[in-house]
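Participant: A single structure is presented below for examination.
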Amino acid sequence: MADTAVLASTAPAVGGKSRPGDAALVARLDALDLPRGGFSAAARADAAARIEAMGLPGARDEYWRYTDPTPFNAAVPEALAYTARESSLFGEIDRLKLVFVDGRFDAAASDELAGEGIEIQTLAAADAAGDHWAADLYGKLEAAGQKPVKRPFAVLNTLAATDGALIRVTGKVSRPVHILYRRDAQDADVTVHHVVRLEEGAELTLLETGGIGARSNVAMEVEVGREARFHHIASKRADDAKVGIGHVFARVGEGALFKSFTLAVNGSMMRNEGVIEIAGNDAVAHIAAAVLGDGSEGRFHHDDTVFITHAAERCESRQVYKKVLKNGAHGIFQGKILVKPGAQKTDGYQISQGLLLDEGSQFLAKPELEIYADDVKCSHGSTTGALDETAMFYLRSRGVPKEQAVVLLVLSFLADALEEIEDDRLRGDILGRLDEWLTSRAAA
């Protein structure tokens, strides 16, 4: 149950009248078992006040107009069956593994939390110990990312996260850190919060894979220091029904690089939110996704919402989103580039494309530019279409079977997003997974 000392009142009145949806918020909060004390206490108290004032989203909220928030608003999730088979993605690559089972760190299944140029601790352990460097970041980037768009489930994450990884990077880390999620309970309601800080000149590759829970709320706050480099690759577990929302909040310093790529294959309802502030001159921020959904295996609805703010000079941003949809699958993209006054020499680019393999699938896109500087280069584009009949004819006329031709054309369509992965080994593993999934379904 929720800690009433922290929450005080969960149904405040506005102008003498209760807000619509307060009952749902009360039920949502009452179902939580909130952490208490520790370095995160102040941030959690602030989040409690903010979620009370903000409330939960409804269908009329602009940034939820394409996605029904009801499954995220529910007090408890629906129990969903899952497969015990674990993905072999990145299994042949030397990496440092952090395993979370139903949102709780599993030390026995994880590697030793140590490495050259890196400090790692779990949120639960650090909170129990008291003071921690993450106190300067936990909930801070999330709170800053609430303007101009409210993101209630990110606030709820800051309030209720039970565990996560706290990673401080002081050098160039030679092997990736791999956060591996596993499920145990069919009704697991998982709330995880990661904090990553890269000091000046540091470099890290962070991987996320696995089935998180029947419902999941994952947030990651990343501070990329001056001349630091951060590479993030996430792969959402294929073939399991799930409801999940993910958030990445990043602040990119002078001359730094931030790259994030997500591979999403099937599922039930997923929403990913990326909020990136380019705060230092000459910085680079790229965020991309390759999404494949097959509605014949259950409902598929995938929503990506991205907001990149240029607040410095001579900076570059890229948003590259590719979605392949079939058998009634739905894909959503909402992306915005905001260029603040003084952010001259900005180079901002955004592309979102949907490849529909049948007439029953749907791709909806809402690209936005908001520019308050006069020396910039910003563009966006969005297209929706079917497989290129000319290209298909070319491949078939040269003896390529239809199923293999479909796979080749889909992989070609996804290529721009995959190019955002700089590491050849990691990109190769992703390509292999895509090829396997597409080949197994090409004839359907």
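Just so we're on the same page: first chain in the structure tokens is A, next is B, and so on; residues restart at 1 for each chain, and ligands are numbered from 1 in the order they show up.
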Please identify all polymer residues within 8 Å of stretch 51-61 of chain A, counting only C-alpha atoms, omitting same-chain residues fewer than 2 positions from it, and present them as JSON, numbers by chain.

Facilitator: {"A": [10, 11, 12, 21, 22, 24, 25, 47, 48, 49, 63, 64, 65, 67, 68, 69, 70, 73, 150, 152, 153, 155, 156]}

Participant: Using the chain letters and numbers from this document, which residues of stretch 107-143 of chain A does DSSP assign to helix (DSSP H, G or I), as a compact mmCIF listing (two decimals) with N, CA, C and O atoms, in the first residue's frame?

Facilitator:
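The result, written out as result_5.txt:
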# COMPACT_ATOMS: atom_id res chain seq x y z
N LEU A 123 19.89 0.54 -7.02
CA LEU A 123 19.09 1.57 -6.35
C LEU A 123 18.66 1.12 -4.97
O LEU A 123 18.74 1.89 -4.01
N ALA A 124 18.21 -0.13 -4.85
CA ALA A 124 17.73 -0.62 -3.56
C ALA A 124 18.86 -0.61 -2.52
O ALA A 124 18.66 -0.18 -1.37
N ALA A 125 20.04 -1.06 -2.90
CA ALA A 125 21.17 -1.11 -1.96
C ALA A 125 21.64 0.29 -1.60
O ALA A 125 21.94 0.58 -0.43
N ALA A 126 21.71 1.18 -2.59
CA ALA A 126 22.17 2.55 -2.32
C ALA A 126 21.18 3.30 -1.44
O ALA A 126 21.58 4.06 -0.55
N ASP A 127 19.89 3.09 -1.65
CA ASP A 127 18.89 3.75 -0.82
C ASP A 127 18.99 3.28 0.63
O ASP A 127 18.83 4.06 1.57
N ALA A 128 19.28 2.02 0.80
CA ALA A 128 19.41 1.49 2.16
C ALA A 128 20.64 2.03 2.86
O ALA A 128 20.66 2.18 4.10
N ALA A 129 21.67 2.37 2.08
CA ALA A 129 22.93 2.84 2.67
C ALA A 129 22.91 4.33 3.00
O ALA A 129 23.69 4.80 3.82
N TRP A 133 26.02 9.46 -4.80
CA TRP A 133 26.20 10.46 -5.85
C TRP A 133 24.95 10.62 -6.70
O TRP A 133 24.69 11.70 -7.26
N ALA A 134 24.14 9.56 -6.82
CA ALA A 134 22.95 9.61 -7.67
C ALA A 134 21.88 10.55 -7.13
O ALA A 134 20.92 10.87 -7.85
N ALA A 135 22.03 11.00 -5.88
CA ALA A 135 21.05 11.95 -5.33
C ALA A 135 21.00 13.23 -6.14
O ALA A 135 19.96 13.91 -6.20
N ASP A 136 22.11 13.58 -6.80
CA ASP A 136 22.14 14.79 -7.62
C ASP A 136 21.38 14.62 -8.94
O ASP A 136 21.11 15.62 -9.62
N LYS A 140 15.82 14.24 -11.19
CA LYS A 140 16.08 15.62 -11.61
C LYS A 140 15.86 15.81 -13.11
O LYS A 140 15.20 16.75 -13.55
N LEU A 141 16.44 14.92 -13.93
CA LEU A 141 16.24 15.04 -15.37
C LEU A 141 14.79 14.73 -15.73
O LEU A 141 14.23 15.33 -16.65
N GLU A 142 14.20 13.79 -15.02
CA GLU A 142 12.78 13.48 -15.25
C GLU A 142 11.92 14.71 -14.97
O GLU A 142 11.03 15.05 -15.75
N ALA A 143 12.17 15.40 -13.85
CA ALA A 143 11.38 16.59 -13.52
C ALA A 143 11.57 17.69 -14.56
O ALA A 143 10.61 18.36 -14.97

Participant: Counting only C-alpha atoms, what is within 6 Å of A:Leu338, bar same-chain residues fewer than 5 positions away, as a PyMOL selection string?

Facilitator: chain A and resi 309+370-371

Participant: Using only C-alpha atoms, pick whichever of A:Arg183, A:Gly117, A:His247, A:Arg229 has the shortest atom-to-atom distance to A:Asn157.

Facilitator: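 The shortest atom-to-atom distance to A:Asn157 comes from A:His247.
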
Participant: I need the residue nearest A:Ala214 from this list: A:Gln350, A:Gln344, A:Asn266, A:Gln186. Use only C-alpha atoms for the distance.

Facilitator: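 Smallest distance to A:Ala214 is found for A:Gln186.
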
Participant: If you count only C-alpha atoms, which residues fall within 7 Å of stretch 372-378 of chain A, apart from same-chain ones fewer than 4 positions away, as a list in words?

Facilitator: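 Listed by chain and then number, they are Val339, Lys340, Pro341, Gly342, Ala343, Gln344, Lys345, Thr346, Asp347, Gly348 and Tyr349 of chain A.
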
Participant: Residues as selected, C-alpha atoms, written as a JSON list (two decimals), in the first residue's frame, can you do that?

Facilitator:
[["chain", "number", "residue", "atom", "x", "y", "z"],
["A", 339, "VAL", "CA", 15.55, 24.94, -31.13],
["A", 340, "LYS", "CA", 15.91, 27.54, -28.39],
["A", 341, "PRO", "CA", 17.02, 31.15, -28.95],
["A", 342, "GLY", "CA", 20.77, 31.31, -29.41],
["A", 343, "ALA", "CA", 21.12, 27.68, -30.53],
["A", 344, "GLN", "CA", 22.70, 28.74, -33.81],
["A", 345, "LYS", "CA", 24.20, 26.33, -36.36],
["A", 346, "THR", "CA", 21.77, 23.63, -35.26],
["A", 347, "ASP", "CA", 21.51, 20.59, -37.54],
["A", 348, "GLY", "CA", 18.31, 18.70, -36.70],
["A", 349, "TYR", "CA", 16.87, 15.85, -38.75]]

Participant: Atom CA of A:Ile120 to atom CA of A:Met270: how many Å, to one decimal?

Facilitator: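 Between atom CA of A:Ile120 and atom CA of A:Met270 the gap works out to 28.2 Å.
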
Participant: Find the residues around stretch 91-102 of chain A up to 10 Å (only C-alpha atoms counted), leave out those fewer than 6 positions away in its own chain, and share them as number ranges by chain.

Facilitator: A: 108-115, 120, 122, 163-165, 174-192, 205-216, 425-426, 429

Participant: Excluding stretch 433-438 of chain A and its own-chain neighbours fewer than 3 positions away, which residues fall within 12 Å of it when counting only C-alpha atoms? Please give them as number ranges by chain.

Facilitator: A: 87-90, 235-239, 263-266, 290-294, 324-326, 403-412, 414-415, 418, 426-430, 441-444

Participant: Atom CA of A:Glu273 to atom CA of A:Lys147: how many Å, to one decimal?

Facilitator: 13.5 Å

Participant: What are the DSSP strand (DSSP E) residues of stretch 49-273 of chain A, as a VMD selection string?

Facilitator: chain A and resid 96 to 101 104 to 105 114 to 115 118 to 122 165 to 169 177 to 182 189 to 198 203 to 210 215 to 224 229 to 236 243 to 252 257 to 265 269 to 273

Participant: Once you have the residues from the selection above, write them out as a JSON list (two decimals), in the first residue's frame, restricted to C-alpha atoms.

Facilitator:
[["chain", "number", "residue", "atom", "x", "y", "z"],
["A", 96, "LEU", "CA", 29.11, -7.26, -17.66],
["A", 97, "LYS", "CA", 25.67, -8.66, -16.79],
["A", 98, "LEU", "CA", 23.18, -7.12, -14.36],
["A", 99, "VAL", "CA", 20.12, -9.35, -13.98],
["A", 100, "PHE", "CA", 16.77, -8.09, -12.70],
["A", 101, "VAL", "CA", 13.96, -10.57, -12.00],
["A", 104, "ARG", "CA", 14.52, -6.83, -8.39],
["A", 105, "PHE", "CA", 18.29, -7.21, -8.74],
["A", 114, "ALA", "CA", 33.02, -3.87, -10.65],
["A", 115, "GLY", "CA", 35.15, -2.87, -13.58],
["A", 118, "ILE", "CA", 33.10, 2.24, -13.76],
["A", 119, "GLU", "CA", 31.18, 2.21, -10.46],
["A", 120, "ILE", "CA", 27.91, 0.27, -10.21],
["A", 121, "GLN", "CA", 25.42, -0.08, -7.39],
["A", 122, "THR", "CA", 21.76, -0.97, -7.28],
["A", 165, "ALA", "CA", 21.17, 0.34, -11.73],
["A", 166, "LEU", "CA", 23.22, 3.37, -10.65],
["A", 167, "ILE", "CA", 26.20, 3.61, -12.98],
["A", 168, "ARG", "CA", 29.00, 6.16, -12.78],
["A", 169, "VAL", "CA", 31.59, 6.04, -15.57],
["A", 177, "VAL", "CA", 27.17, -3.31, -19.43],
["A", 178, "HIS", "CA", 24.18, -5.55, -20.09],
["A", 179, "ILE", "CA", 20.98, -5.06, -18.08],
["A", 180, "LEU", "CA", 19.08, -8.32, -18.53],
["A", 181, "TYR", "CA", 15.42, -8.50, -17.47],
["A", 182, "ARG", "CA", 13.72, -11.77, -16.53],
["A", 189, "ASP", "CA", 4.09, -5.10, -12.16],
["A", 190, "VAL", "CA", 7.63, -3.80, -12.54],
["A", 191, "THR", "CA", 8.90, -0.27, -11.89],
["A", 192, "VAL", "CA", 12.65, 0.18, -12.45],
["A", 193, "HIS", "CA", 14.73, 3.38, -12.49],
["A", 194, "HIS", "CA", 18.31, 3.58, -13.78],
["A", 195, "VAL", "CA", 20.70, 6.51, -13.35],
["A", 196, "VAL", "CA", 23.83, 6.85, -15.50],
["A", 197, "ARG", "CA", 26.50, 9.53, -15.20],
["A", 198, "LEU", "CA", 29.42, 9.76, -17.61],
["A", 203, "GLU", "CA", 32.64, 6.16, -22.69],
["A", 204, "LEU", "CA", 30.06, 3.41, -22.11],
["A", 205, "THR", "CA", 27.88, 1.03, -24.12],
["A", 206, "LEU", "CA", 24.74, -0.01, -22.24],
["A", 207, "LEU", "CA", 22.55, -2.90, -23.39],
["A", 208, "GLU", "CA", 19.00, -3.76, -22.26],
["A", 209, "THR", "CA", 17.24, -6.99, -23.17],
["A", 210, "GLY", "CA", 14.67, -9.42, -21.84],
["A", 215, "ARG", "CA", 3.33, -4.48, -17.06],
["A", 216, "SER", "CA", 6.50, -2.44, -16.83],
["A", 217, "ASN", "CA", 7.50, 1.15, -16.24],
["A", 218, "VAL", "CA", 11.21, 1.71, -16.87],
["A", 219, "ALA", "CA", 12.99, 5.06, -16.64],
["A", 220, "MET", "CA", 16.61, 5.92, -17.35],
["A", 221, "GLU", "CA", 18.26, 9.26, -16.56],
["A", 222, "VAL", "CA", 21.56, 9.83, -18.35],
["A", 223, "GLU", "CA", 23.99, 12.71, -17.88],
["A", 224, "VAL", "CA", 26.68, 12.71, -20.58],
["A", 229, "ARG", "CA", 30.29, 9.08, -25.37],
["A", 230, "PHE", "CA", 27.21, 7.03, -24.50],
["A", 231, "HIS", "CA", 25.80, 4.20, -26.63],
["A", 232, "HIS", "CA", 22.48, 2.62, -25.63],
["A", 233, "ILE", "CA", 20.89, -0.40, -27.32],
["A", 234, "ALA", "CA", 17.60, -1.85, -26.07],
["A", 235, "SER", "CA", 15.82, -4.93, -27.40],
["A", 236, "LYS", "CA", 12.29, -5.62, -26.20],
["A", 243, "VAL", "CA", 2.21, -3.79, -21.55],
["A", 244, "GLY", "CA", 5.16, -1.49, -21.09],
["A", 245, "ILE", "CA", 6.22, 2.13, -20.99],
["A", 246, "GLY", "CA", 9.83, 3.26, -21.15],
["A", 247, "HIS", "CA", 11.44, 6.66, -20.62],
["A", 248, "VAL", "CA", 14.91, 7.94, -21.45],
["A", 249, "PHE", "CA", 15.84, 11.38, -20.12],
["A", 250, "ALA", "CA", 19.25, 12.63, -21.20],
["A", 251, "ARG", "CA", 21.33, 15.77, -20.82],
["A", 252, "VAL", "CA", 24.23, 15.98, -23.28],
["A", 257, "LEU", "CA", 27.75, 12.09, -27.96],
["A", 258, "PHE", "CA", 24.50, 10.33, -27.03],
["A", 259, "LYS", "CA", 23.10, 7.49, -29.11],
["A", 260, "SER", "CA", 20.09, 5.32, -28.32],
["A", 261, "PHE", "CA", 18.65, 2.53, -30.48],
["A", 262, "THR", "CA", 15.61, 0.36, -29.72],
["A", 263, "LEU", "CA", 14.56, -2.88, -31.38],
["A", 264, "ALA", "CA", 10.94, -3.78, -30.66],
["A", 265, "VAL", "CA", 9.48, -7.07, -31.89],
["A", 269, "MET", "CA", 1.14, -2.36, -26.02],
["A", 270, "MET", "CA", 4.39, -0.47, -25.80],
["A", 271, "ARG", "CA", 5.16, 3.24, -25.47],
["A", 272, "ASN", "CA", 8.68, 4.66, -25.45],
["A", 273, "GLU", "CA", 9.38, 8.29, -24.56]]
